[in-house]
Each structure stands twice: as C-alpha cells, then as structure tokens.
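Enquirer: I'm passing along run.txt; it holds compact mmCIF, C-alpha atoms and all ligand atoms.
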# COMPACT_ATOMS: atom_id res chain seq x y z
CA MET A 14 -74.26 3.68 -6.12
CA LYS A 15 -75.57 7.23 -6.22
CA GLU A 16 -78.54 7.98 -8.42
CA SER A 17 -78.50 11.46 -9.94
CA LEU A 18 -80.62 13.51 -12.31
CA TRP A 19 -79.82 16.97 -13.65
CA ILE A 20 -82.88 19.13 -14.22
CA LYS A 21 -81.65 21.54 -16.88
CA ASN A 22 -83.06 25.01 -17.53
CA ALA A 23 -85.64 25.12 -14.74
CA SER A 24 -87.13 28.50 -14.04
CA LEU A 25 -86.89 29.35 -10.31
CA GLU A 26 -88.40 32.27 -8.46
CA CYS A 27 -85.71 34.60 -7.06
CA GLY A 28 -87.65 37.45 -5.48
CA TYR A 29 -90.43 39.98 -5.86
CA THR A 30 -90.18 43.15 -7.89
CA GLU A 31 -91.35 46.10 -5.87
CA ALA A 32 -92.24 49.73 -6.49
CA ASN A 33 -92.99 52.17 -3.66
CA GLY A 34 -93.17 49.31 -1.19
CA ILE A 35 -95.72 47.40 -3.26
CA VAL A 36 -95.05 43.99 -4.81
CA THR A 37 -95.54 44.41 -8.55
CA GLY A 38 -94.36 41.02 -9.80
CA THR A 39 -92.14 37.97 -9.33
CA LYS A 40 -88.55 37.65 -10.61
CA THR A 41 -87.40 34.34 -12.05
CA GLU A 42 -84.10 33.05 -13.43
CA CYS A 43 -83.02 29.88 -15.16
CA PHE A 44 -81.01 27.22 -13.28
CA HIS A 45 -79.74 23.67 -13.55
CA VAL A 46 -80.72 21.62 -10.48
CA LEU A 47 -78.94 18.40 -9.52
CA LEU A 48 -81.01 15.79 -7.71
CA THR A 49 -79.15 12.94 -6.02
CA ASP A 50 -80.59 10.08 -3.98
CA GLY A 51 -83.88 11.86 -3.42
CA ARG A 52 -82.40 15.21 -2.37
CA VAL A 53 -81.39 18.45 -4.03
CA GLU A 54 -77.61 18.30 -4.31
CA ASN A 55 -76.77 21.43 -6.26
CA VAL A 56 -78.39 24.47 -7.85
CA VAL A 57 -76.30 26.35 -10.45
CA PRO A 58 -77.09 29.11 -12.97
CA ALA A 59 -78.19 27.75 -16.34
CA THR A 60 -75.11 29.34 -17.91
CA SER A 61 -72.92 26.76 -16.08
CA ASP A 62 -71.66 23.63 -17.79
CA ILE A 63 -72.87 20.36 -16.36
CA PRO A 64 -70.83 17.16 -16.49
CA ASP A 65 -71.43 14.46 -19.08
CA GLY A 66 -72.45 11.00 -18.01
CA VAL A 67 -75.22 11.99 -15.59
CA SER A 68 -78.83 11.61 -16.71
CA ALA A 69 -80.48 14.90 -17.48
CA TRP A 70 -83.91 16.23 -18.33
CA ASP A 71 -84.38 19.60 -19.99
CA ALA A 72 -87.20 21.61 -18.38
CA GLN A 73 -86.94 24.15 -21.21
CA GLY A 74 -87.80 27.06 -18.95
CA LEU A 75 -90.76 25.48 -17.17
CA LEU A 76 -91.37 26.81 -13.66
CA MET A 77 -90.21 24.40 -10.95
CA LEU A 78 -92.44 24.33 -7.88
CA PRO A 79 -92.58 22.10 -4.78
CA SER A 80 -94.92 19.19 -5.54
CA PHE A 81 -98.37 19.06 -3.97
CA ARG A 82 -99.70 17.24 -0.92
CA GLU A 83 -103.25 15.93 -1.20
CA MET A 84 -104.17 15.84 2.49
CA HIS A 85 -107.73 14.52 2.43
CA ILE A 86 -109.03 12.10 -0.14
CA HIS A 87 -111.11 8.89 -0.23
CA LEU A 88 -109.36 6.57 -2.67
CA ASP A 89 -111.48 3.56 -1.73
CA LYS A 90 -114.97 4.44 -2.87
CA THR A 91 -114.79 6.49 -6.04
CA PHE A 92 -116.76 6.17 -9.28
CA TYR A 93 -113.76 7.72 -11.06
CA GLY A 94 -112.29 5.36 -13.63
CA GLY A 95 -115.70 3.72 -14.13
CA PRO A 96 -118.90 4.86 -15.86
CA TRP A 97 -120.64 8.02 -14.71
CA GLN A 98 -123.13 7.42 -11.93
CA ALA A 99 -125.65 9.88 -10.55
CA VAL A 100 -125.44 11.14 -6.98
CA LEU A 101 -128.81 10.43 -5.34
CA PRO A 102 -130.46 13.17 -3.30
CA ALA A 103 -129.95 12.39 0.40
CA PRO A 104 -132.03 13.70 3.31
CA ASN A 105 -129.04 13.25 5.65
CA ARG A 106 -125.65 11.51 6.07
CA PHE A 107 -127.26 8.32 7.35
CA PHE A 108 -128.83 7.80 3.93
CA ARG A 109 -125.31 7.74 2.45
CA ILE A 110 -124.25 5.18 5.04
CA GLU A 111 -127.19 2.94 4.07
CA GLN A 112 -126.16 3.36 0.44
CA GLU A 113 -122.60 2.31 1.29
CA GLN A 114 -123.74 -0.93 2.90
CA GLU A 115 -124.88 -2.10 -0.53
CA LEU A 116 -122.52 -0.09 -2.74
CA LEU A 117 -119.10 -0.82 -1.21
CA PRO A 118 -119.34 -4.64 -1.43
CA ARG A 119 -120.55 -4.23 -5.03
CA GLN A 120 -117.59 -1.93 -5.86
CA LEU A 121 -115.02 -4.06 -4.09
CA PRO A 122 -113.89 -5.97 -7.22
CA VAL A 123 -112.89 -2.66 -8.87
CA ALA A 124 -111.79 -0.81 -5.72
CA ARG A 125 -108.07 -1.29 -6.32
CA GLU A 126 -108.25 -0.39 -10.01
CA ARG A 127 -110.25 2.79 -9.29
CA ALA A 128 -107.91 3.83 -6.49
CA GLU A 129 -105.02 3.48 -8.94
CA LYS A 130 -106.86 5.63 -11.50
CA LEU A 131 -107.40 8.27 -8.86
CA LEU A 132 -103.72 8.18 -7.90
CA GLU A 133 -102.85 8.62 -11.57
CA LEU A 134 -105.18 11.63 -11.69
CA VAL A 135 -103.79 13.39 -8.62
CA GLN A 136 -100.22 12.68 -9.70
CA SER A 137 -100.89 14.12 -13.16
CA HIS A 138 -101.92 17.28 -11.33
CA GLY A 139 -98.65 17.48 -9.42
CA ALA A 140 -99.24 15.58 -6.16
CA THR A 141 -96.54 13.34 -4.68
CA HIS A 142 -98.22 12.73 -1.32
CA VAL A 143 -101.73 11.59 -0.39
CA ARG A 144 -103.50 11.10 2.91
CA THR A 145 -106.42 8.79 2.23
CA HIS A 146 -109.28 8.02 4.61
CA CYS A 147 -110.23 4.38 4.16
CA ASN A 148 -113.60 2.97 5.24
CA ILE A 149 -113.39 0.60 8.17
CA ASP A 150 -116.92 -0.55 8.91
CA PRO A 151 -118.78 -3.77 9.78
CA VAL A 152 -119.95 -4.34 6.19
CA ILE A 153 -116.68 -3.92 4.29
CA GLY A 154 -114.42 -4.84 7.23
CA LEU A 155 -110.77 -4.44 6.21
CA LYS A 156 -111.34 -5.25 2.53
CA ASN A 157 -111.20 -1.64 1.31
CA LEU A 158 -108.03 -1.20 3.34
CA GLU A 159 -106.52 -4.14 1.51
CA ALA A 160 -107.51 -2.71 -1.90
CA THR A 161 -106.17 0.74 -0.94
CA TRP A 162 -102.92 -0.76 0.26
CA GLU A 163 -102.46 -2.71 -2.97
CA ALA A 164 -103.17 0.37 -5.11
CA LEU A 165 -100.69 2.45 -3.11
CA ALA A 166 -98.11 -0.32 -3.32
CA THR A 167 -98.18 -0.06 -7.12
CA TYR A 168 -97.37 3.65 -6.67
CA ARG A 169 -94.66 3.16 -4.06
CA GLU A 170 -91.94 4.55 -6.34
CA LYS A 171 -94.10 7.52 -7.33
CA LEU A 172 -95.52 9.04 -4.20
CA SER A 173 -95.66 8.84 -0.42
CA TRP A 174 -98.86 8.17 1.49
CA GLU A 175 -100.71 7.90 4.78
CA ILE A 176 -103.80 5.75 5.34
CA VAL A 177 -106.36 6.78 7.96
CA ALA A 178 -108.54 4.00 9.40
CA PHE A 179 -111.86 5.78 9.00
CA PRO A 180 -114.93 4.41 10.83
CA GLN A 181 -117.30 6.09 8.36
CA HIS A 182 -120.38 4.49 9.89
CA GLY A 183 -119.52 5.76 13.39
CA LEU A 184 -116.82 4.39 15.69
CA LEU A 185 -119.34 3.55 18.44
CA ARG A 186 -122.56 3.68 16.41
CA SER A 187 -121.45 0.85 14.12
CA ASP A 188 -119.42 -0.89 16.80
CA SER A 189 -116.23 -0.56 14.76
CA VAL A 190 -113.77 -0.20 17.66
CA SER A 191 -112.16 -3.62 17.31
CA LEU A 192 -112.11 -3.30 13.51
CA VAL A 193 -110.21 0.00 13.75
CA ARG A 194 -107.79 -1.63 16.19
CA GLU A 195 -107.28 -4.43 13.63
CA ALA A 196 -106.80 -1.89 10.82
CA MET A 197 -103.96 -0.29 12.80
CA LYS A 198 -102.16 -3.63 12.69
CA HIS A 199 -102.83 -4.09 8.97
CA GLY A 200 -101.47 -1.09 7.16
CA ALA A 201 -103.38 1.93 8.50
CA GLY A 202 -101.09 4.57 9.96
CA LEU A 203 -103.59 7.00 11.47
CA VAL A 204 -106.74 6.60 13.56
CA GLY A 205 -109.83 8.30 12.15
CA GLY A 206 -113.18 9.23 13.56
CA VAL A 207 -116.39 10.97 12.58
CA ASP A 208 -118.82 13.35 14.27
CA PRO A 209 -118.83 12.11 17.87
CA ALA A 210 -122.20 13.78 18.61
CA THR A 211 -124.26 13.15 15.46
CA PHE A 212 -122.89 9.69 14.73
CA ASP A 213 -121.88 8.31 18.10
CA ASP A 214 -124.25 10.22 20.39
CA ASP A 215 -121.55 10.31 23.08
CA ILE A 216 -118.90 12.97 22.51
CA GLU A 217 -116.70 12.08 25.47
CA LYS A 218 -116.69 8.33 24.92
CA SER A 219 -116.22 8.60 21.15
CA LEU A 220 -113.22 10.95 21.41
CA ASP A 221 -111.77 9.00 24.32
CA THR A 222 -111.98 5.71 22.42
CA MET A 223 -110.37 7.24 19.32
CA MET A 224 -107.52 8.69 21.39
CA ASP A 225 -107.06 5.39 23.28
CA ILE A 226 -106.65 3.47 20.02
CA ALA A 227 -104.16 6.09 18.81
CA VAL A 228 -102.08 5.90 21.96
CA GLU A 229 -102.11 2.08 21.94
CA ALA A 230 -100.97 2.05 18.31
CA ASN A 231 -98.63 5.03 18.74
CA ALA A 232 -100.46 6.58 15.79
CA ASP A 233 -101.58 10.05 14.76
CA VAL A 234 -105.25 11.04 14.59
CA ASP A 235 -107.39 12.61 11.85
CA LEU A 236 -111.02 13.27 12.83
CA HIS A 237 -113.77 14.08 10.29
CA LEU A 238 -115.73 16.82 12.05
CA HIS A 239 -118.81 18.16 10.27
CA GLU A 240 -120.64 19.09 13.49
CA PRO A 241 -122.09 22.60 13.18
CA GLY A 242 -121.40 25.86 15.04
CA HIS A 243 -120.99 25.78 18.80
CA LEU A 244 -121.43 22.00 18.96
CA GLY A 245 -118.42 21.67 16.66
CA VAL A 246 -116.47 24.17 18.75
CA TYR A 247 -117.32 22.28 21.97
CA ILE A 248 -115.94 19.08 20.43
CA MET A 249 -112.80 20.83 19.15
CA LYS A 250 -112.11 22.16 22.66
CA LYS A 251 -112.62 18.67 24.14
CA LEU A 252 -110.25 17.22 21.56
CA ALA A 253 -107.63 19.88 22.32
CA ALA A 254 -107.86 19.00 26.04
CA MET A 255 -107.48 15.28 25.28
CA THR A 256 -104.55 16.00 22.96
CA LYS A 257 -102.86 17.81 25.84
CA ASP A 258 -103.59 15.02 28.33
CA ALA A 259 -102.25 12.36 25.98
CA GLY A 260 -99.17 14.42 25.07
CA TRP A 261 -100.27 14.05 21.42
CA GLN A 262 -99.17 17.55 20.35
CA GLY A 263 -98.40 17.71 16.63
CA ARG A 264 -100.15 14.38 16.03
CA VAL A 265 -103.81 15.39 15.71
CA THR A 266 -105.73 16.74 12.71
CA VAL A 267 -109.29 17.95 12.45
CA SER A 268 -110.66 17.52 8.95
CA HIS A 269 -113.31 20.03 7.82
CA ALA A 270 -113.95 21.67 11.24
CA TYR A 271 -117.15 23.16 9.74
CA GLY A 272 -118.21 24.61 13.08
CA LEU A 273 -115.50 27.27 12.81
CA GLY A 274 -117.27 28.79 9.82
CA GLU A 275 -120.45 29.34 11.80
CA VAL A 276 -119.35 31.01 15.05
CA PRO A 277 -118.33 34.60 15.87
CA THR A 278 -114.71 35.48 15.08
CA ALA A 279 -113.78 35.72 18.77
CA VAL A 280 -114.87 32.10 19.28
CA ALA A 281 -112.95 30.90 16.21
CA GLU A 282 -109.90 32.79 17.50
CA GLU A 283 -110.10 31.02 20.83
CA VAL A 284 -110.15 27.62 19.10
CA ALA A 285 -107.30 28.68 16.77
CA GLU A 286 -105.17 29.58 19.79
CA LEU A 287 -105.92 26.22 21.45
CA PHE A 288 -105.07 24.39 18.23
CA ALA A 289 -101.83 26.33 17.81
CA GLU A 290 -100.86 25.49 21.41
CA GLN A 291 -101.55 21.78 20.90
CA GLN A 292 -100.23 21.84 17.31
CA ILE A 293 -103.52 20.48 16.02
CA ALA A 294 -103.71 20.78 12.23
CA VAL A 295 -106.81 21.51 10.17
CA MET A 296 -107.56 20.01 6.76
CA SER A 297 -110.10 21.64 4.50
CA ALA A 298 -111.55 21.09 1.05
CA VAL A 299 -112.41 24.84 1.00
CA PRO A 300 -116.16 24.30 0.61
CA ILE A 301 -118.12 27.19 -0.87
CA ASP A 302 -121.61 25.72 -0.47
CA MET A 303 -121.56 26.61 3.24
CA PRO A 304 -119.73 29.20 5.37
CA THR A 305 -116.04 28.55 4.63
CA ILE A 306 -113.96 28.16 7.79
CA PRO A 307 -111.71 31.17 8.52
CA ILE A 308 -108.52 29.74 7.01
CA PRO A 309 -106.61 33.07 7.02
CA LEU A 310 -107.37 33.47 10.74
CA LEU A 311 -106.19 29.93 11.54
CA HIS A 312 -103.02 30.46 9.52
CA ALA A 313 -102.31 33.81 11.18
CA LYS A 314 -102.66 32.17 14.61
CA GLY A 315 -100.07 29.55 13.65
CA VAL A 316 -102.36 26.60 12.94
CA HIS A 317 -101.12 24.35 10.15
CA VAL A 318 -103.81 24.24 7.46
CA GLY A 319 -103.65 21.73 4.61
CA LEU A 320 -106.09 21.18 1.76
CA GLY A 321 -107.60 18.16 0.04
CA ASN A 322 -110.06 17.20 -2.67
CA ASP A 323 -112.03 14.95 -0.27
CA ASN A 324 -114.53 12.87 -2.26
CA ILE A 325 -113.90 12.80 -5.99
CA THR A 326 -116.91 11.80 -8.06
CA ASP A 327 -118.52 9.21 -5.80
CA HIS A 328 -121.92 8.57 -4.21
CA TRP A 329 -121.36 11.52 -1.84
CA ASP A 330 -120.29 14.15 -4.32
CA PRO A 331 -120.13 14.44 -8.13
CA PHE A 332 -117.37 17.08 -8.04
CA GLY A 333 -113.60 17.02 -7.45
CA THR A 334 -110.90 17.49 -10.07
CA GLY A 335 -107.93 15.92 -8.27
CA ASP A 336 -106.06 19.19 -8.80
CA MET A 337 -104.52 20.65 -5.64
CA LEU A 338 -103.73 23.85 -7.52
CA GLN A 339 -107.47 24.28 -7.99
CA LYS A 340 -107.89 24.12 -4.19
CA ALA A 341 -105.22 26.83 -3.74
CA ASN A 342 -107.02 28.83 -6.43
CA ARG A 343 -110.36 28.50 -4.65
CA LEU A 344 -108.80 29.47 -1.33
CA ALA A 345 -107.28 32.58 -2.91
CA GLU A 346 -110.50 33.55 -4.66
CA ARG A 347 -112.70 32.89 -1.62
CA PHE A 348 -110.59 35.14 0.61
CA ARG A 349 -109.82 37.67 -2.13
CA TRP A 350 -106.09 37.08 -2.16
CA ILE A 351 -105.69 38.83 -5.49
CA ASP A 352 -102.30 40.52 -5.18
CA GLU A 353 -99.06 38.88 -6.34
CA ARG A 354 -97.70 38.09 -2.87
CA SER A 355 -100.98 36.68 -1.51
CA LEU A 356 -101.51 34.49 -4.58
CA SER A 357 -98.01 33.11 -4.36
CA ARG A 358 -98.40 32.48 -0.61
CA ALA A 359 -101.58 30.47 -1.33
CA LEU A 360 -99.35 27.81 -2.90
CA GLY A 361 -97.99 26.92 0.55
CA PHE A 362 -101.39 25.52 1.56
CA VAL A 363 -101.01 22.66 -0.94
CA THR A 364 -97.30 21.96 -0.50
CA GLY A 365 -97.12 21.42 3.26
CA GLY A 366 -95.93 25.02 3.69
CA LEU A 367 -93.16 25.05 1.07
CA THR A 368 -93.01 28.04 -1.27
CA PRO A 369 -90.16 29.23 -3.53
CA LEU A 370 -90.12 32.63 -1.79
CA ASP A 371 -90.74 33.52 1.84
CA GLN A 372 -93.12 36.27 2.92
CA ALA A 373 -90.38 38.90 2.41
CA GLY A 374 -89.52 37.59 -1.07
CA ASN A 375 -86.28 35.78 -0.22
CA GLN A 376 -85.64 32.61 -2.20
CA VAL A 377 -86.06 29.66 0.17
CA TRP A 378 -86.79 26.73 -2.18
CA PRO A 379 -85.20 24.66 -3.61
CA LYS A 380 -82.15 24.53 -1.34
CA VAL A 381 -79.39 21.94 -1.17
CA GLY A 382 -80.62 19.10 1.05
CA ASP A 383 -84.32 19.64 0.32
CA GLU A 384 -86.38 16.60 -0.65
CA ALA A 385 -86.35 16.35 -4.44
CA ASN A 386 -90.12 16.49 -4.99
CA ALA A 387 -91.23 18.94 -7.65
CA VAL A 388 -93.82 19.78 -10.28
CA PHE A 389 -92.99 21.59 -13.51
CA VAL A 390 -95.62 24.07 -14.59
CA ARG A 391 -96.11 26.14 -17.72
CA ALA A 392 -96.25 29.44 -15.83
CA LYS A 393 -94.02 32.40 -15.08
CA CYS A 394 -94.49 32.30 -11.31
CA SER A 395 -96.50 30.76 -8.41
CA ALA A 396 -99.02 33.60 -8.55
CA GLU A 397 -99.80 32.84 -12.20
CA ALA A 398 -99.94 29.08 -11.52
CA VAL A 399 -102.50 29.61 -8.73
CA ALA A 400 -104.59 32.22 -10.55
CA ARG A 401 -104.62 30.60 -13.99
CA LEU A 402 -104.44 26.92 -12.97
CA SER A 403 -101.46 26.59 -15.27
CA PRO A 404 -100.88 23.21 -16.95
CA LYS A 405 -98.52 20.75 -15.31
CA GLU A 406 -95.92 19.19 -17.58
CA ALA A 407 -93.87 16.88 -15.36
CA VAL A 408 -93.60 15.57 -11.79
CA VAL A 409 -90.49 14.48 -9.90
CA PHE A 410 -90.67 12.37 -6.73
CA SER A 411 -87.66 11.54 -4.62
CA GLY A 412 -85.31 12.70 -7.37
CA LYS A 413 -86.93 10.63 -10.13
CA MET A 414 -89.17 11.64 -13.01
CA VAL A 415 -92.49 9.92 -12.23
CA TRP A 416 -94.92 11.61 -14.62
CA GLN A 417 -94.68 13.56 -17.85
CA LYS A 418 -97.43 14.96 -20.02
CA GLN A 419 -97.80 12.83 -23.14
ZN ZN B 1 -113.61 12.91 3.99
Let me see the structure of the file written as structure tokens.
Ligand SMILES: [Zn+2]
Expert:
Amino acid sequence: MKESLWIKNASLECGYTEANGIVTGTKTECFHVLLTDGRVENVVPATSDIPDGVSAWDAQGLLMLPSFREMHIHLDKTFYGGPWQAVLPAPNRFFRIEQEQELLPRQLPVARERAEKLLELVQSHGATHVRTHCNIDPVIGLKNLEATWEALATYREKLSWEIVAFPQHGLLRSDSVSLVREAMKHGAGLVGGVDPATFDDDIEKSLDTMMDIAVEANADVDLHLHEPGHLGVYIMKKLAAMTKDAGWQGRVTVSHAYGLGEVPTAVAEEVAELFAEQQIAVMSAVPIDMPTIPIPLLHAKGVHVGLGNDNITDHWDPFGTGDMLQKANRLAERFRWIDERSLSRALGFVTGGLTPLDQAGNQVWPKVGDEANAVFVRAKCSAEAVARLSPKEAVVFSGKMVWQKQ
C-alpha cells in the first residue's frame, strides 16, 4: 500500500528578483507538496484543494529546503551526551593517538548511546545523511564499529548513512591492514586512511594498500589528508594517478586536503583539474584556524565539495555544533559570499548540490520524482537561512516526518 503525506502551505523559492541585472532578493510562493513512498509526487499551489483521507502536516508558511548531508563526522568517540571534559594540549597528533589507546576502551560502554545523541543533534539541525569515520585500530579493534552500527540501526528510519573504516592510528604504522579488511566485511562501506607520509612513513605503500583493500571490497575510499603544502599536493597527485589506474573515478574522497590551502593558486588549480578529471571529491570542515582550502576554486573547476562538522566536542576538539547550516554560513563568510545569489548557492555545499534555484534563478527543487528529504526552516529564503542560521522546525526523511521542534 502506498504511503503518502501532504505537506501543506510550504513556502518554496520560485526565482530571484532582479533590478538592472542585479539580484535584489528571492521570490517565494506557498505550495502543497505530496510525498509518496519516499518521493515527491505532486507540487500544487496552496490555493488548490487537497483530498481528504491522506495524512497531512501544515508547514504554516515555513520555508522548505533540501535536507542536509553531514559528510564528515566521528560518531564513535565523542564526549557529547556526557559530562564536559577538557581537551588537553597536544604537542602533535601522536599524543592524541596515545590518549585514544586509553580513552576509547574506557568510553566503549557509552559509545553507542553517545553516537545516538550525536545523531539526534545533527538531525535536529536538518541532516538526513551522515558519513561517519569509525576508528579501526589495534586497541579498539572492531568494537567502535559495532557500537556505531547499532546506533545507526536505531536511526534507520530517520536517516541514511555511510561508515568509513578509519585506521586512525595509521594503516601501516599500527598494522591495521587486516583489521580494515575485516571491517569491510562487518558493516563498513568505505575504506579510510590517514596521512600516508606522517603516519605511515611510506606514501606509495600506504596509498597502494588502501586502494587494494577498496578494490577487493568493491568499496569507495575516503582519505583523511592533513599533510601540509607541497607534500599534501604530491600525495593528492599520487592518489589521482592510482584512482585512474584502478578505474575508481567517482569513488574517491579526500577529506580536509589541507595542503591545498598552503600552495600557490596555480598549483591548487592543477590539483583541482586532476580531481575533476578523476571525479575525486573533497570534504572540508571549513577550518579558519589555518589557511582555508580554496573551495570556490575547486567548485569552479568542477570538483564536488561537501562539508562536515568533523569532531564534535571530543578529545581532539571542543568545538562543533552539529549544524550543517553553520558550515555553509562559515563558508559564505570566509569567502565573502555576501550577495543574495552567492549566499543561496552556499546551501548546495551542505545538501549534496541540491538548491531550490539554479544559478540563473530557475526553480529546480522540489520536482516530482525527487527524494522526499527536506528541512523546514523559519526563514524567507535560502540566503536568509545561511546568513542568519535560521531555526529549523521540522525534518522529513524519505517522505516521513522524522523530527519536529518540541
Ligand atoms: Zn575526521
């Protein structure tokens, strides 16, 4: 039997207002939107009558936007949901790894519960998809993966997810190769990696091993790459070459790619072109405590860029709000996207590219057949939502209401 929900009186963006060739605002109108079996089935003006006997929810003029995709988070080692704990000063990343060897086993009994709290947080901010990097290391083995899986399973009706098997302590350095292979058979969908020079001390072998596991498991790849400047660029070029050799186009992501923020524009352009050719995506948390990578340049060259909160209040980092809109806001502010069109385009970086209007201002979302994933925001338009971090009031996933503000 079909499952339908009418969203009544949703405000949808219909175009830009313009004067003398300049965008001066966003036009919205009120619609009823029918969601059936996880898809948009119909969009009609709010003046139309809708049939009785179908469940309905009145949006009362709230702005309907595509829901958000949290593309880089660590659900498995957060302090969130528990008491506040101080982040200790660390001379380097290896100090954090030593900390984890004691901390993760201690946190294991609450790992599932905290992951669920974090999922609740990101969903309350409008996300219906998460990509989580889960520690796979010799101390915790596959236990965090199990806890992550269980937490996600409780959310299976509320969001979609991807789990990356993340050898946080170094794929080669901590001898985690067979553990990552195991993880791929036990619920992880993507192969992760971390800093093949700093952690593994063997760029070629580290990348090769990661790609081998991915090909064996027929899985995508998401590599944490914090390596600086030209070292980072060298690794990105190597990875692009390996992606080509493996025929893994469209299946590789570089998370952070910090090096791109520290090299001349011409060098970053060269990498962007390679990434576009190999359809390698970049995920960023839009850091502002270091040179931010040139996200506008990557986007202009055709590289898919997604955003994520990364660590949310854990032993690595006390910050993180769980709000993807805040990441779009930071991206816009960092690159001075202050005009109406630029602000509204910033939304696409947290929705997997979906925006209500296209670059020219034509309405392109929601259309009949689109996945019925949406967030309802107390704002007039996307630009306001991004600039003012407007409050979220409700979230729909796969055609069902999954969260509403109390
Ligand atoms: Zn991370």
Enquirer: Please compute the CA of Gln181 in chain A-CA of Asn148 in chain A distance, one decimal, in Å.
Expert: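 CA of Asn148 in chain A lies at a distance of 5.8 Å from CA of Gln181 in chain A.
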Enquirer: May I have the residues within 9 Å of range 23-38 of chain A as a PyMOL selection string, using only C-alpha atoms and disregarding those fewer than 6 positions away in the same chain?
Expert: chain A and resi 44-46+59+71-78+352-354+369-371+373-379+389+393-396
Enquirer: Rounded to one decimal place, report the CA of Asn386 in chain A-CA of Leu203 in chain A distance in Å.
Expert: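 One can read the CA of Asn386 in chain A to CA of Leu203 in chain A distance as 23.3 Å.
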Enquirer: As a list of chain:residue names, please: every protein or nucleic acid residue near ligand ZN 1 (chain B) (cut-off 7 Å, counting only C-alpha atoms and all ligand atoms).
Expert: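 The residues near ligand ZN 1 (chain B) are A:His85, A:Ile86, A:His87, A:His146, A:His237, A:Asp323, A:Asn324.
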Enquirer: From the set A:Ala281, A:Met303, A:Ile216, A:Ile325, which residue has the shortest atom-to-atom contact distance to Val246 in chain A, counting all atoms listed in the file?
Expert: A:Ala281
Enquirer: If you count only C-alpha atoms, which residues fall within 10 Å of Gly333 in chain A, apart from same-chain ones fewer than 2 positions away, as a PyMOL selection string?
Expert: chain A and resi 86+93+298+321-327+330-331+335-337+339-340
Enquirer: Measure the distance from CA of Ala210 in chain A to CA of Lys251 in chain A in Å and round it to one decimal.
Expert: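 Taking CA of Ala210 in chain A and CA of Lys251 in chain A, their separation equals 12.1 Å.
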Enquirer: Write out as a PDB file with C-alpha atoms, in the coordinates of the input which residues come within 12 Å of Val284 in chain A when counting only C-alpha atoms, dropping same-chain ones fewer than 5 positions away.
Expert:
ATOM      1  CA  HIS A 243    -120.990  25.780  18.800  1.00  0.00           C
ATOM      2  CA  GLY A 245    -118.420  21.670  16.660  1.00  0.00           C
ATOM      3  CA  VAL A 246    -116.470  24.170  18.750  1.00  0.00           C
ATOM      4  CA  TYR A 247    -117.320  22.280  21.970  1.00  0.00           C
ATOM      5  CA  ILE A 248    -115.940  19.080  20.430  1.00  0.00           C
ATOM      6  CA  MET A 249    -112.800  20.830  19.150  1.00  0.00           C
ATOM      7  CA  LYS A 250    -112.110  22.160  22.660  1.00  0.00           C
ATOM      8  CA  LYS A 251    -112.620  18.670  24.140  1.00  0.00           C
ATOM      9  CA  LEU A 252    -110.250  17.220  21.560  1.00  0.00           C
ATOM     10  CA  ALA A 253    -107.630  19.880  22.320  1.00  0.00           C
ATOM     11  CA  ALA A 254    -107.860  19.000  26.040  1.00  0.00           C
ATOM     12  CA  VAL A 267    -109.290  17.950  12.450  1.00  0.00           C
ATOM     13  CA  ALA A 270    -113.950  21.670  11.240  1.00  0.00           C
ATOM     14  CA  GLY A 272    -118.210  24.610  13.080  1.00  0.00           C
ATOM     15  CA  LEU A 273    -115.500  27.270  12.810  1.00  0.00           C
ATOM     16  CA  GLY A 274    -117.270  28.790   9.820  1.00  0.00           C
ATOM     17  CA  VAL A 276    -119.350  31.010  15.050  1.00  0.00           C
ATOM     18  CA  PRO A 277    -118.330  34.600  15.870  1.00  0.00           C
ATOM     19  CA  THR A 278    -114.710  35.480  15.080  1.00  0.00           C
ATOM     20  CA  ALA A 279    -113.780  35.720  18.770  1.00  0.00           C
ATOM     21  CA  ALA A 289    -101.830  26.330  17.810  1.00  0.00           C
ATOM     22  CA  GLU A 290    -100.860  25.490  21.410  1.00  0.00           C
ATOM     23  CA  GLN A 291    -101.550  21.780  20.900  1.00  0.00           C
ATOM     24  CA  GLN A 292    -100.230  21.840  17.310  1.00  0.00           C
ATOM     25  CA  ILE A 293    -103.520  20.480  16.020  1.00  0.00           C
ATOM     26  CA  ALA A 294    -103.710  20.780  12.230  1.00  0.00           C
ATOM     27  CA  VAL A 295    -106.810  21.510  10.170  1.00  0.00           C
ATOM     28  CA  ILE A 306    -113.960  28.160   7.790  1.00  0.00           C
ATOM     29  CA  PRO A 307    -111.710  31.170   8.520  1.00  0.00           C
ATOM     30  CA  LEU A 310    -107.370  33.470  10.740  1.00  0.00           C
ATOM     31  CA  LEU A 311    -106.190  29.930  11.540  1.00  0.00           C
ATOM     32  CA  LYS A 314    -102.660  32.170  14.610  1.00  0.00           C
ATOM     33  CA  GLY A 315    -100.070  29.550  13.650  1.00  0.00           C
ATOM     34  CA  VAL A 316    -102.360  26.600  12.940  1.00  0.00           C
TER      35      VAL A 316
END
Enquirer: Pick from A:Asp150, A:Thr211, A:Thr256, A:Leu220: nearest to Asp188 in chain A, with all atoms listed in the file counted?
Expert: A:Asp150
Enquirer: Pick out the residues sitting within 12 Å of Gly366 in chain A, and hand them over as a PyMOL selection string; count all atoms listed in the file, and ignore anything fewer than 3 positions along from it in its own chain.
Expert: chain A and resi 79-82+312+315-320+357-363+369-372+377-378
Enquirer: With distances taken over all atoms listed in the file, which of A:Arg349, A:Lys90, A:His142, A:Lys21 is nearest to Ile63 in chain A?
Expert: A:Lys21
Enquirer: Go through A:Arg194, A:Arg264, A:Arg125, A:Lys413 one by one, measure the shortest atom-to-atom distance of each to Pro180 in chain A using all atoms listed in the file, and give the residue with the smallest value.
Expert: A:Arg194
Enquirer: Restricting the calculation to all atoms listed in the file, which member of A:Ala285, A:Leu131, A:Val299, A:Leu244 is positioned closest to Leu165 in chain A?
Expert: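 Smallest distance to Leu165 in chain A is found for A:Leu131.
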Enquirer: Find the spatial neighbours of range 171-173 of chain A, counting all atoms listed in the file, within a cut-off of 6 Å - ignore same-chain residues fewer than 3 positions away - and output them as a list in words.
Expert: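 So the residues in contact are Thr141, His142, Tyr168, Phe410 and Val415 of chain A.
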Enquirer: Generate the output file for the selected residues, C-alpha atoms, as a tab-separated table (two decimals), keeping the file's coordinate frame.
Expert:
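Output saved as selection_8.tsv:
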chain	number	residue	atom	x	y	z
A	141	THR	CA	-96.54	13.34	-4.68
A	142	HIS	CA	-98.22	12.73	-1.32
A	168	TYR	CA	-97.37	3.65	-6.67
A	410	PHE	CA	-90.67	12.37	-6.73
A	415	VAL	CA	-92.49	9.92	-12.23
Enquirer: Which residue gives the smallest distance to Gly260 in chain A among A:Val390, A:Met224, A:Leu367, A:His239, with all atoms listed in the file counted?
Expert: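 The closest residue to Gly260 in chain A is A:Met224.
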